[in-house]
>>> print(open('structure-v2.pdb').read())   # PDB, C-alpha atoms and all ligand atoms
ATOM      1  CA  LEU A   1       4.256   0.349  40.823
ATOM      2  CA  PHE A   2       5.959   3.677  40.625
ATOM      3  CA  VAL A   3       3.796   6.716  40.013
ATOM      4  CA  ASP A   4       5.546   9.898  39.038
ATOM      5  CA  LEU A   5       3.009  12.210  40.680
ATOM      6  CA  GLU A   6       4.244  15.310  38.932
ATOM      7  CA  ALA A   7       3.943  13.690  35.527
ATOM      8  CA  ASN A   8       0.999  11.490  36.474
ATOM      9  CA  LEU A   9       2.672   8.673  34.566
ATOM     10  CA  ILE A  10       2.590   5.161  36.012
ATOM     11  CA  LYS A  11       5.684   3.052  35.406
ATOM     12  CA  ALA A  12       5.333  -0.713  35.434
ATOM     13  CA  THR A  13       8.786  -2.254  35.402
ATOM     14  CA  SER A  14       7.921  -5.961  35.568
ATOM     15  CA  ALA A  15       5.261  -8.401  34.388
ATOM     16  CA  GLU A  16       3.820  -8.509  37.917
ATOM     17  CA  GLU A  17       3.473  -4.730  38.085
ATOM     18  CA  LEU A  18       1.822  -4.636  34.695
ATOM     19  CA  ASP A  19      -0.606  -7.328  35.808
ATOM     20  CA  LEU A  20      -1.628  -5.287  38.869
ATOM     21  CA  LEU A  21      -2.137  -2.257  36.707
ATOM     22  CA  ARG A  22      -4.156  -4.112  34.073
ATOM     23  CA  LYS A  23      -6.459  -5.576  36.731
ATOM     24  CA  ASP A  24      -6.956  -2.108  38.139
ATOM     25  CA  PHE A  25      -7.841  -0.739  34.702
ATOM     26  CA  LEU A  26     -10.170  -3.704  34.154
ATOM     27  CA  ARG A  27     -12.016  -3.093  37.437
ATOM     28  CA  SER A  28     -12.766   0.463  36.373
ATOM     29  CA  GLY A  29     -14.000  -0.775  32.974
ATOM     30  CA  ALA A  30     -11.330   1.190  31.128
ATOM     31  CA  ARG A  31     -10.707   0.619  27.438
ATOM     32  CA  ILE A  32      -6.993   0.201  26.874
ATOM     33  CA  GLY A  33      -5.100   1.526  23.869
ATOM     34  CA  PHE A  34      -1.570   0.244  23.374
ATOM     35  CA  VAL A  35       1.481   1.617  21.568
ATOM     36  CA  PRO A  36       4.421  -0.812  21.639
ATOM     37  CA  THR A  37       7.805   0.824  20.992
ATOM     38  CA  MET A  38      11.513   0.214  21.314
ATOM     39  CA  GLY A  39      12.009   3.706  22.775
ATOM     40  CA  ALA A  40      14.123   6.531  21.315
ATOM     41  CA  LEU A  41      10.747   8.127  20.775
ATOM     42  CA  HIS A  42      10.148  10.648  18.014
ATOM     43  CA  ALA A  43       7.205  12.442  16.414
ATOM     44  CA  GLY A  44       6.165   9.221  14.640
ATOM     45  CA  HIS A  45       5.609   7.438  17.965
ATOM     46  CA  LEU A  46       3.848  10.451  19.454
ATOM     47  CA  SER A  47       1.466  10.562  16.495
ATOM     48  CA  LEU A  48       0.416   6.981  17.324
ATOM     49  CA  ILE A  49      -0.432   8.033  20.872
ATOM     50  CA  ASP A  50      -2.495  10.948  19.512
ATOM     51  CA  LEU A  51      -4.221   8.583  17.107
ATOM     52  CA  ILE A  52      -5.629   6.242  19.747
ATOM     53  CA  ALA A  53      -5.900   8.459  22.829
ATOM     54  CA  PRO A  54      -9.329   9.870  21.836
ATOM     55  CA  LYS A  55     -10.716   6.338  21.397
ATOM     56  CA  VAL A  56      -9.711   4.818  24.754
ATOM     57  CA  ASP A  57      -9.682   5.552  28.474
ATOM     58  CA  LYS A  58      -6.058   4.586  29.124
ATOM     59  CA  VAL A  59      -3.088   4.627  26.782
ATOM     60  CA  VAL A  60      -0.287   2.216  27.659
ATOM     61  CA  VAL A  61       3.087   2.577  25.921
ATOM     62  CA  SER A  62       5.743  -0.108  26.180
ATOM     63  CA  ILE A  63       9.459   0.479  25.719
ATOM     64  CA  PHE A  64      11.415  -2.691  25.099
ATOM     65  CA  VAL A  65      14.398  -3.164  22.798
ATOM     66  CA  ASN A  66      13.512  -6.673  21.698
ATOM     67  CA  PRO A  67      16.669  -8.771  21.258
ATOM     68  CA  LYS A  68      14.797 -11.411  19.263
ATOM     69  CA  GLN A  69      14.201  -9.098  16.313
ATOM     70  CA  PHE A  70      17.877  -8.217  15.813
ATOM     71  CA  GLY A  71      20.236 -10.384  13.794
ATOM     72  CA  PRO A  72      23.676 -11.307  15.204
ATOM     73  CA  LYS A  73      25.383  -8.598  13.112
ATOM     74  CA  GLU A  74      22.745  -5.921  13.693
ATOM     75  CA  ASP A  75      22.639  -2.870  15.951
ATOM     76  CA  LEU A  76      21.123  -4.292  19.169
ATOM     77  CA  ASN A  77      23.986  -3.053  21.340
ATOM     78  CA  ARG A  78      24.152   0.432  19.926
ATOM     79  CA  TYR A  79      20.380   0.913  19.563
ATOM     80  CA  PRO A  80      19.628   4.272  21.288
ATOM     81  CA  ARG A  81      18.111   4.032  24.781
ATOM     82  CA  PRO A  82      17.440   7.608  25.986
ATOM     83  CA  LEU A  83      15.027   6.536  28.741
ATOM     84  CA  GLU A  84      14.793   9.808  30.699
ATOM     85  CA  GLN A  85      14.041  11.756  27.546
ATOM     86  CA  ASP A  86      11.444   9.172  26.475
ATOM     87  CA  LEU A  87       9.684   9.358  29.845
ATOM     88  CA  LYS A  88       9.554  13.154  29.623
ATOM     89  CA  LEU A  89       7.970  12.928  26.180
ATOM     90  CA  LEU A  90       5.401  10.402  27.402
ATOM     91  CA  ALA A  91       4.593  12.544  30.425
ATOM     92  CA  SER A  92       3.788  15.408  28.066
ATOM     93  CA  LYS A  93       1.245  13.234  26.287
ATOM     94  CA  ASN A  94      -2.038  11.619  27.155
ATOM     95  CA  VAL A  95      -0.374   8.427  28.425
ATOM     96  CA  ALA A  96      -1.587   6.616  31.561
ATOM     97  CA  ALA A  97       1.232   4.133  31.934
ATOM     98  CA  VAL A  98       4.532   3.051  30.507
ATOM     99  CA  PHE A  99       5.575  -0.607  30.586
ATOM    100  CA  LEU A 100       9.323  -1.106  30.880
ATOM    101  CA  PRO A 101       9.727  -4.862  31.039
ATOM    102  CA  ARG A 102      12.964  -6.717  31.655
ATOM    103  CA  VAL A 103      14.088  -9.355  29.175
ATOM    104  CA  GLU A 104      13.011 -12.121  31.601
ATOM    105  CA  ASP A 105       9.472 -10.667  31.794
ATOM    106  CA  LEU A 106       9.067 -11.250  28.082
ATOM    107  CA  TYR A 107      11.187 -14.356  27.705
ATOM    108  CA  PRO A 108      11.145 -16.635  30.741
ATOM    109  CA  GLU A 109      13.694 -19.442  30.916
ATOM    110  CA  ASN A 110      13.126 -22.095  28.255
ATOM    111  CA  PHE A 111      11.033 -19.739  26.158
ATOM    112  CA  SER A 112      10.463 -21.690  22.966
ATOM    113  CA  THR A 113       7.199 -20.697  21.290
ATOM    114  CA  TYR A 114       7.408 -18.360  18.289
ATOM    115  CA  VAL A 115       4.946 -16.762  15.911
ATOM    116  CA  VAL A 116       5.802 -16.954  12.237
ATOM    117  CA  ASN A 117       3.980 -15.819   9.116
ATOM    118  CA  LYS A 118       4.814 -18.506   6.587
ATOM    119  CA  ARG A 119       3.940 -16.360   3.552
ATOM    120  CA  PHE A 120       5.541 -13.017   4.183
ATOM    121  CA  SER A 121       8.152 -13.309   6.964
ATOM    122  CA  HIS A 122      11.003 -13.993   4.567
ATOM    123  CA  VAL A 123      10.399 -11.566   1.700
ATOM    124  CA  LEU A 124      11.181  -7.843   1.391
ATOM    125  CA  CYS A 125      12.933  -6.908   4.678
ATOM    126  CA  GLY A 126      12.687 -10.521   5.808
ATOM    127  CA  ALA A 127      14.898 -11.672   2.938
ATOM    128  CA  THR A 128      17.973 -10.086   4.513
ATOM    129  CA  ARG A 129      16.784  -9.962   8.129
ATOM    130  CA  GLN A 130      16.228 -13.684   8.531
ATOM    131  CA  ASN A 131      14.500 -14.015  11.917
ATOM    132  CA  HIS A 132      13.411 -10.424  12.242
ATOM    133  CA  PHE A 133       9.675 -10.803  11.724
ATOM    134  CA  GLU A 134       9.530 -13.938  13.842
ATOM    135  CA  GLY A 135      11.020 -11.819  16.637
ATOM    136  CA  VAL A 136       8.607  -8.946  15.984
ATOM    137  CA  LEU A 137       5.460 -11.098  15.850
ATOM    138  CA  THR A 138       6.510 -13.083  18.905
ATOM    139  CA  VAL A 139       7.140 -10.011  21.040
ATOM    140  CA  VAL A 140       3.985  -8.253  19.835
ATOM    141  CA  MET A 141       1.891 -11.343  20.572
ATOM    142  CA  LYS A 142       3.462 -11.580  24.007
ATOM    143  CA  LEU A 143       2.903  -7.876  24.720
ATOM    144  CA  PHE A 144      -0.709  -8.144  23.510
ATOM    145  CA  MET A 145      -1.285 -11.048  25.922
ATOM    146  CA  MET A 146       0.230  -9.091  28.799
ATOM    147  CA  VAL A 147      -1.404  -5.698  28.168
ATOM    148  CA  ARG A 148      -4.702  -7.018  26.681
ATOM    149  CA  PRO A 149      -5.578  -3.843  24.799
ATOM    150  CA  GLN A 150      -8.765  -3.222  22.844
ATOM    151  CA  ILE A 151      -6.836  -1.105  20.310
ATOM    152  CA  ALA A 152      -3.168  -0.985  19.341
ATOM    153  CA  ALA A 153      -1.415   1.421  16.986
ATOM    154  CA  PHE A 154       1.465   0.818  14.578
ATOM    155  CA  GLY A 155       3.082   3.102  12.009
ATOM    156  CA  LYS A 156       2.865   2.575   8.274
ATOM    157  CA  LYS A 157       6.574   3.267   7.947
ATOM    158  CA  ASP A 158       7.201  -0.350   8.967
ATOM    159  CA  TYR A 159       4.682  -1.400   6.341
ATOM    160  CA  GLN A 160       5.561  -5.077   6.251
ATOM    161  CA  GLN A 161       5.521  -5.248  10.039
ATOM    162  CA  LEU A 162       2.087  -3.598  10.105
ATOM    163  CA  GLN A 163       0.654  -6.027   7.549
ATOM    164  CA  LEU A 164       2.101  -9.034   9.390
ATOM    165  CA  ILE A 165       0.642  -7.840  12.682
ATOM    166  CA  LYS A 166      -2.768  -7.348  11.053
ATOM    167  CA  ALA A 167      -2.535 -10.867   9.608
ATOM    168  CA  MET A 168      -1.584 -12.274  13.037
ATOM    169  CA  VAL A 169      -4.565 -10.550  14.672
ATOM    170  CA  ARG A 170      -6.846 -11.959  11.959
ATOM    171  CA  ASP A 171      -5.345 -15.471  11.916
ATOM    172  CA  PHE A 172      -5.385 -15.876  15.704
ATOM    173  CA  SER A 173      -8.738 -14.072  16.197
ATOM    174  CA  LEU A 174      -7.134 -11.746  18.726
ATOM    175  CA  GLY A 175      -9.993  -9.252  18.525
ATOM    176  CA  ILE A 176      -7.683  -6.242  18.802
ATOM    177  CA  GLU A 177      -8.341  -3.228  16.561
ATOM    178  CA  ILE A 178      -5.170  -2.187  14.763
ATOM    179  CA  ASP A 179      -4.912   1.526  14.015
ATOM    180  CA  GLU A 180      -2.456   2.641  11.348
ATOM    181  CA  GLY A 181      -0.356   5.771  11.740
ATOM    182  CA  GLU A 182       0.783   7.686   8.659
ATOM    183  CA  VAL A 183       4.529   8.015   8.053
ATOM    184  CA  VAL A 184       5.826  11.119   9.820
ATOM    185  CA  ARG A 185       8.630  12.833   7.910
ATOM    186  CA  GLU A 186      11.349  15.351   8.570
ATOM    187  CA  GLU A 187      11.237  18.539   6.509
ATOM    188  CA  SER A 188      13.535  16.938   3.931
ATOM    189  CA  GLY A 189      11.068  14.102   3.427
ATOM    190  CA  LEU A 190      13.201  11.584   5.336
ATOM    191  CA  ALA A 191      10.902   9.264   7.263
ATOM    192  CA  MET A 192      11.330   9.632  11.028
ATOM    193  CA  SER A 193      13.165   6.712  12.581
ATOM    194  CA  SER A 194      15.087   6.117  15.774
ATOM    195  CA  ARG A 195      17.941   5.020  13.511
ATOM    196  CA  ASN A 196      18.206   8.468  11.850
ATOM    197  CA  GLN A 197      20.372   9.443  14.831
ATOM    198  CA  TYR A 198      23.135   7.301  13.376
ATOM    199  CA  LEU A 199      23.284   9.470  10.235
ATOM    200  CA  ALA A 200      25.829  12.234   9.708
ATOM    201  CA  LYS A 201      24.628  15.510   8.126
ATOM    202  CA  GLU A 202      25.673  14.629   4.574
ATOM    203  CA  GLN A 203      24.187  11.149   4.957
ATOM    204  CA  LYS A 204      20.875  12.719   5.946
ATOM    205  CA  ARG A 205      20.853  14.646   2.688
ATOM    206  CA  VAL A 206      21.458  11.435   0.753
ATOM    207  CA  ALA A 207      18.823   9.600   2.817
ATOM    208  CA  ALA A 208      16.207  12.169   1.802
ATOM    209  CA  THR A 209      16.446  10.945  -1.811
ATOM    210  CA  LEU A 210      14.685   7.753  -0.687
ATOM    211  CA  TYR A 211      11.423   9.629  -0.323
ATOM    212  CA  ARG A 212      11.976  11.384  -3.642
ATOM    213  CA  SER A 213      12.360   8.015  -5.322
ATOM    214  CA  LEU A 214       9.051   6.858  -3.837
ATOM    215  CA  GLN A 215       7.415  10.064  -5.039
ATOM    216  CA  ALA A 216       8.810   9.446  -8.534
ATOM    217  CA  ALA A 217       7.297   5.958  -8.442
ATOM    218  CA  ARG A 218       3.982   7.439  -7.400
ATOM    219  CA  SER A 219       4.056  10.016 -10.235
ATOM    220  CA  GLU A 220       4.814   7.253 -12.717
ATOM    221  CA  SER A 221       1.961   5.157 -11.323
ATOM    222  CA  LEU A 222      -0.409   7.972 -12.253
ATOM    223  CA  LYS A 223       0.715   7.592 -15.865
ATOM    224  CA  THR A 224       1.081   3.841 -16.190
ATOM    225  CA  ARG A 225      -0.129   0.706 -14.469
ATOM    226  CA  ASN A 226       2.925  -1.244 -15.489
ATOM    227  CA  LYS A 227       4.719  -2.356 -12.333
ATOM    228  CA  ASP A 228       8.184  -2.543 -13.889
ATOM    229  CA  ASN A 229       7.960   1.012 -15.213
ATOM    230  CA  VAL A 230       6.921   2.309 -11.816
ATOM    231  CA  VAL A 231       9.801   0.521 -10.090
ATOM    232  CA  LYS A 232      12.209   1.773 -12.757
ATOM    233  CA  ALA A 233      11.118   5.379 -12.240
ATOM    234  CA  GLY A 234      11.754   5.042  -8.514
ATOM    235  CA  LYS A 235      15.130   3.376  -8.890
ATOM    236  CA  GLN A 236      16.296   6.000 -11.391
ATOM    237  CA  VAL A 237      16.222   8.688  -8.709
ATOM    238  CA  LEU A 238      18.561   6.646  -6.540
ATOM    239  CA  ALA A 239      20.992   5.738  -9.302
ATOM    240  CA  SER A 240      23.058   8.917  -8.868
ATOM    241  CA  GLU A 241      23.554   8.365  -5.119
ATOM    242  CA  SER A 242      26.548   6.063  -5.123
ATOM    243  CA  GLU A 243      26.696   5.920  -1.311
ATOM    244  CA  LEU A 244      23.248   4.313  -1.174
ATOM    245  CA  ALA A 245      23.180   0.538  -1.518
ATOM    246  CA  LEU A 246      19.638  -0.374  -2.443
ATOM    247  CA  GLU A 247      18.466  -3.643  -0.921
ATOM    248  CA  TYR A 248      15.094  -3.721  -2.645
ATOM    249  CA  PHE A 249      12.575  -1.442  -4.319
ATOM    250  CA  GLU A 250       9.258  -3.157  -4.863
ATOM    251  CA  VAL A 251       5.685  -2.324  -5.684
ATOM    252  CA  ARG A 252       3.236  -4.703  -4.056
ATOM    253  CA  ARG A 253      -0.397  -4.888  -3.140
ATOM    254  CA  ARG A 254      -1.098  -3.364   0.245
ATOM    255  CA  ASP A 255      -1.568  -6.842   1.689
ATOM    256  CA  LEU A 256       1.971  -7.638   0.404
ATOM    257  CA  GLU A 257       0.794  -9.900  -2.417
ATOM    258  CA  GLU A 258       2.738  -9.421  -5.658
ATOM    259  CA  PHE A 259       1.437  -7.981  -8.911
ATOM    260  CA  GLU A 260       2.263  -9.799 -12.114
ATOM    261  CA  THR A 261       2.635  -6.850 -14.486
ATOM    262  CA  GLU A 262      -0.361  -4.588 -14.084
ATOM    263  CA  ILE A 263      -0.991  -2.615 -10.910
ATOM    264  CA  ASP A 264      -4.691  -3.361 -10.696
ATOM    265  CA  LYS A 265      -5.261  -3.057  -6.958
ATOM    266  CA  PRO A 266      -4.303  -0.446  -4.322
ATOM    267  CA  ALA A 267      -0.537  -0.621  -4.128
ATOM    268  CA  VAL A 268       2.427   0.448  -2.060
ATOM    269  CA  ALA A 269       6.018   1.157  -3.092
ATOM    270  CA  MET A 270       8.480  -0.127  -0.520
ATOM    271  CA  LEU A 271      12.228   0.074  -0.261
ATOM    272  CA  ALA A 272      15.196  -0.683   1.962
ATOM    273  CA  ALA A 273      18.687   0.697   1.506
ATOM    274  CA  ARG A 274      21.978   0.843   3.322
ATOM    275  CA  LEU A 275      23.826   4.064   3.851
ATOM    276  CA  GLY A 276      27.184   3.195   5.378
ATOM    277  CA  ASP A 277      26.262   0.808   8.166
ATOM    278  CA  VAL A 278      22.775   2.257   8.644
ATOM    279  CA  ARG A 279      19.813   0.399   7.193
ATOM    280  CA  LEU A 280      16.844   2.573   6.222
ATOM    281  CA  ILE A 281      13.356   1.664   5.048
ATOM    282  CA  ASP A 282      10.553   3.744   3.619
ATOM    283  CA  CYS A 283       7.298   3.312   1.723
ATOM    284  CA  LEU A 284       4.547   5.240   0.004
ATOM    285  CA  GLU A 285       1.055   4.153  -0.881
ATOM    286  CA  LEU A 286       0.413   4.667  -4.567
TER     287      LEU A 286
HETATM  288  O1  LIG B   1       8.250  -1.071  15.470
HETATM  289  C1  LIG B   1       8.858  -1.304  16.541
HETATM  290  O2  LIG B   1       9.326  -0.401  17.238
HETATM  291  C2  LIG B   1       9.026  -2.741  16.993
HETATM  292  O3  LIG B   1       9.227  -3.586  15.918
HETATM  293  C3  LIG B   1       7.888  -3.235  17.896
HETATM  294  C4  LIG B   1       6.561  -3.268  17.157
HETATM  295  C5  LIG B   1       7.767  -2.352  19.109
HETATM  296  C6  LIG B   1       8.187  -4.664  18.366
HETATM  297  O4  LIG B   1       9.368  -4.736  19.084
END
>>> encode(input="structure-v2.pdb", output="structure tokens", more="lines below")
Ligand code: PAF
Amino acid sequence: LFVDLEANLIKATSAEELDLLRKDFLRSGARIGFVPTMGALHAGHLSLIDLIAPKVDKVVVSIFVNPKQFGPKEDLNRYPRPLEQDLKLLASKNVAAVFLPRVEDLYPENFSTYVVNKRFSHVLCGATRQNHFEGVLTVVMKLFMMVRPQIAAFGKKDYQQLQLIKAMVRDFSLGIEIDEGEVVREESGLAMSSRNQYLAKEQKRVAATLYRSLQAARSESLKTRNKDNVVKAGKQVLASESELALEYFEVRRRDLEEFETEIDKPAVAMLAARLGDVRLIDCLEL
């Protein structure tokens, strides 16, 4: 284990080191709060740390760019990995330890057991990102088993991911409390994402219309309960942005079930769009 004394941040860089640390925490009766990340940390991640820190004795953050949740043509190789900067940010927060596993810590040779949600893994984002949610659920399950937290926090920006993780915790009786972080936005309304770094200035302006389209859907939902009208109002805002290729714009129940025509339960508007070769997602609870 490496302890950066100045920052008071413990770094566990293998499964064995994490195990030592966890046993140490266990001996002292500490409640563990966990924030799994893929690094390139921004205000959204930091808000998750702030959300659970008051409820636990030790916050553990993991940084692992999970190859199993990227498709063959996706951005695994160029995904940002500013480790030094991430560690500085974590040291400035109420974080006890950071887990920086190697691929072999997560996926030993002959790894062959996966977690899949048979209802919702292949809709919305899962329709175009075929094995994405299988990769997400598998790595989150694995990290949960290694860290054994009492509480874990995930952002609502990845709404489908959050709902699938909650379903996994329920279905497998994991007994972990899942805390939900609100979407953190830039001044323009653009939802914070590690992938925003890929965007050029003009693209950022275009990307900000995504939030405006969700707001338009929300305004419409205050006037009508008709799902199609709400979706139409949202899509209309995006119609003038020819650079944006909309993948989907949907209004669903918050548990991801579909509405027939009437929005008669708490709902969420969700979208994914491509801007050049950058894929962006966003959502807004109605
Ligand atoms: O949201 C993310 O950053 C990732 O999907 C997660 C939950 C850390 C799993 O790799």
>>> closest_residue(input="structure-v2.pdb", among="A:Leu83, A:Val61, A:Val237, A:Ala216", to="ligand LIG 1 (chain B)", atoms="all atoms listed in the file")
A:Val61
>>> resolve_selection(input="structure-v2.pdb", expression="the PyMOL selection byres (((chain A and resi 228) around 12) and not hetatm)", output="ChimeraX atom specification")
/A:217,220-221,224-227,229-235,249-252,259-263,269
>>> residues_near_ligand(input="structure-v2.pdb", ligand="ligand LIG 1 (chain B)", cutoff="9 Å", atoms="only C-alpha atoms and all ligand atoms", output="VMD selection string")
chain A and resid 35 to 39 45 62 to 69 132 to 133 135 to 140 143 154 to 155 157 to 158 161 to 162 165 194
>>> residues_around(input="structure-v2.pdb", residues="Phe144 in chain A", least_positions_apart="4", cutoff="9 Å", atoms="only C-alpha atoms", output="PDB file with C-alpha atoms, in the coordinates of the input")
ATOM      1  CA  PHE A  34      -1.570   0.244  23.374  1.00  0.00           C
ATOM      2  CA  VAL A 139       7.140 -10.011  21.040  1.00  0.00           C
ATOM      3  CA  VAL A 140       3.985  -8.253  19.835  1.00  0.00           C
ATOM      4  CA  ARG A 148      -4.702  -7.018  26.681  1.00  0.00           C
ATOM      5  CA  PRO A 149      -5.578  -3.843  24.799  1.00  0.00           C
ATOM      6  CA  ALA A 152      -3.168  -0.985  19.341  1.00  0.00           C
ATOM      7  CA  LEU A 174      -7.134 -11.746  18.726  1.00  0.00           C
ATOM      8  CA  ILE A 176      -7.683  -6.242  18.802  1.00  0.00           C
TER       9      ILE A 176
END
>>> resolve_selection(input="structure-v2.pdb", expression="the PyMOL selection byres (((chain A and resi 172) around 12) and not hetatm)", output="list in words")
Val115, Val116, Asn117, Leu137, Met141, Phe144, Leu164, Ile165, Lys166, Ala167, Met168, Val169, Arg170, Asp171, Ser173, Leu174, Gly175 and Ile176 of chain A
>>> residues_near_point(input="structure-v2.pdb", point="(23.2, -10.1, 11.4)", cutoff="10 Å", atoms="only C-alpha atoms", output="PDB file with C-alpha atoms, in the frame of the given file")
ATOM      1  CA  PHE A  70      17.877  -8.217  15.813  1.00  0.00           C
ATOM      2  CA  GLY A  71      20.236 -10.384  13.794  1.00  0.00           C
ATOM      3  CA  PRO A  72      23.676 -11.307  15.204  1.00  0.00           C
ATOM      4  CA  LYS A  73      25.383  -8.598  13.112  1.00  0.00           C
ATOM      5  CA  GLU A  74      22.745  -5.921  13.693  1.00  0.00           C
ATOM      6  CA  ASP A  75      22.639  -2.870  15.951  1.00  0.00           C
ATOM      7  CA  LEU A  76      21.123  -4.292  19.169  1.00  0.00           C
ATOM      8  CA  THR A 128      17.973 -10.086   4.513  1.00  0.00           C
ATOM      9  CA  ARG A 129      16.784  -9.962   8.129  1.00  0.00           C
ATOM     10  CA  GLN A 130      16.228 -13.684   8.531  1.00  0.00           C
ATOM     11  CA  ASN A 131      14.500 -14.015  11.917  1.00  0.00           C
ATOM     12  CA  HIS A 132      13.411 -10.424  12.242  1.00  0.00           C
TER      13      HIS A 132
END
>>> resolve_selection(input="structure-v2.pdb", expression="the PyMOL selection byres (((chain A and resi 47) around 10) and not hetatm)", output="ChimeraX atom specification")
/A:42-46,48-53,153-155,181-184
>>> atom_distance(input="structure-v2.pdb", atom1="CA of Leu275 in chain A", atom2="CA of Phe120 in chain A")
25.0 Å
>>> build_atoms(input="structure-v2.pdb", residues="range 17-23 of chain A", atoms="all heavy atoms", output="short mmCIF file (atom, residue, chain, number, x, y, z; two decimals), keeping the file's coordinate frame")
data_model
loop_
_atom_site.label_atom_id
_atom_site.label_comp_id
_atom_site.auth_asym_id
_atom_site.auth_seq_id
_atom_site.Cartn_x
_atom_site.Cartn_y
_atom_site.Cartn_z
N GLU A 17 4.00 -6.09 37.94
CA GLU A 17 3.47 -4.73 38.08
C GLU A 17 2.46 -4.42 36.99
O GLU A 17 1.43 -3.81 37.23
CB GLU A 17 4.61 -3.71 38.04
CG GLU A 17 5.44 -3.73 39.31
CD GLU A 17 6.49 -2.62 39.36
OE1 GLU A 17 6.64 -1.87 38.37
OE2 GLU A 17 7.16 -2.52 40.39
N LEU A 18 2.75 -4.89 35.79
CA LEU A 18 1.82 -4.64 34.70
C LEU A 18 0.50 -5.34 34.97
O LEU A 18 -0.58 -4.80 34.73
CB LEU A 18 2.40 -5.12 33.35
CG LEU A 18 1.43 -4.88 32.19
CD1 LEU A 18 1.42 -3.42 31.77
CD2 LEU A 18 1.75 -5.77 31.01
N ASP A 19 0.59 -6.55 35.52
CA ASP A 19 -0.61 -7.33 35.81
C ASP A 19 -1.50 -6.60 36.82
O ASP A 19 -2.72 -6.52 36.65
CB ASP A 19 -0.17 -8.70 36.35
CG ASP A 19 -1.22 -9.74 36.05
OD1 ASP A 19 -1.74 -9.71 34.92
OD2 ASP A 19 -1.53 -10.54 36.95
N LEU A 20 -0.87 -6.06 37.86
CA LEU A 20 -1.63 -5.29 38.87
C LEU A 20 -2.35 -4.12 38.20
O LEU A 20 -3.53 -3.87 38.45
CB LEU A 20 -0.67 -4.70 39.91
CG LEU A 20 -0.14 -5.61 41.00
CD1 LEU A 20 0.88 -4.85 41.85
CD2 LEU A 20 -1.30 -6.10 41.86
N LEU A 21 -1.61 -3.44 37.37
CA LEU A 21 -2.14 -2.26 36.71
C LEU A 21 -3.31 -2.62 35.80
O LEU A 21 -4.35 -1.96 35.79
CB LEU A 21 -1.00 -1.65 35.87
CG LEU A 21 -1.30 -0.35 35.18
CD1 LEU A 21 -1.48 0.75 36.21
CD2 LEU A 21 -0.14 0.02 34.25
N ARG A 22 -3.13 -3.69 35.02
CA ARG A 22 -4.16 -4.11 34.07
C ARG A 22 -5.44 -4.48 34.81
O ARG A 22 -6.54 -4.13 34.40
CB ARG A 22 -3.64 -5.31 33.27
CG ARG A 22 -4.43 -5.62 32.03
CD ARG A 22 -3.81 -6.77 31.28
NE ARG A 22 -3.57 -7.93 32.13
CZ ARG A 22 -4.50 -8.78 32.53
NH1 ARG A 22 -5.74 -8.61 32.16
NH2 ARG A 22 -4.18 -9.80 33.30
N LYS A 23 -5.28 -5.18 35.96
CA LYS A 23 -6.46 -5.58 36.73
C LYS A 23 -7.17 -4.33 37.26
O LYS A 23 -8.40 -4.28 37.31
CB LYS A 23 -6.05 -6.51 37.87
CG LYS A 23 -5.73 -7.90 37.34
CD LYS A 23 -5.40 -8.87 38.43
CE LYS A 23 -5.08 -10.24 37.83
NZ LYS A 23 -3.94 -10.87 38.51
#
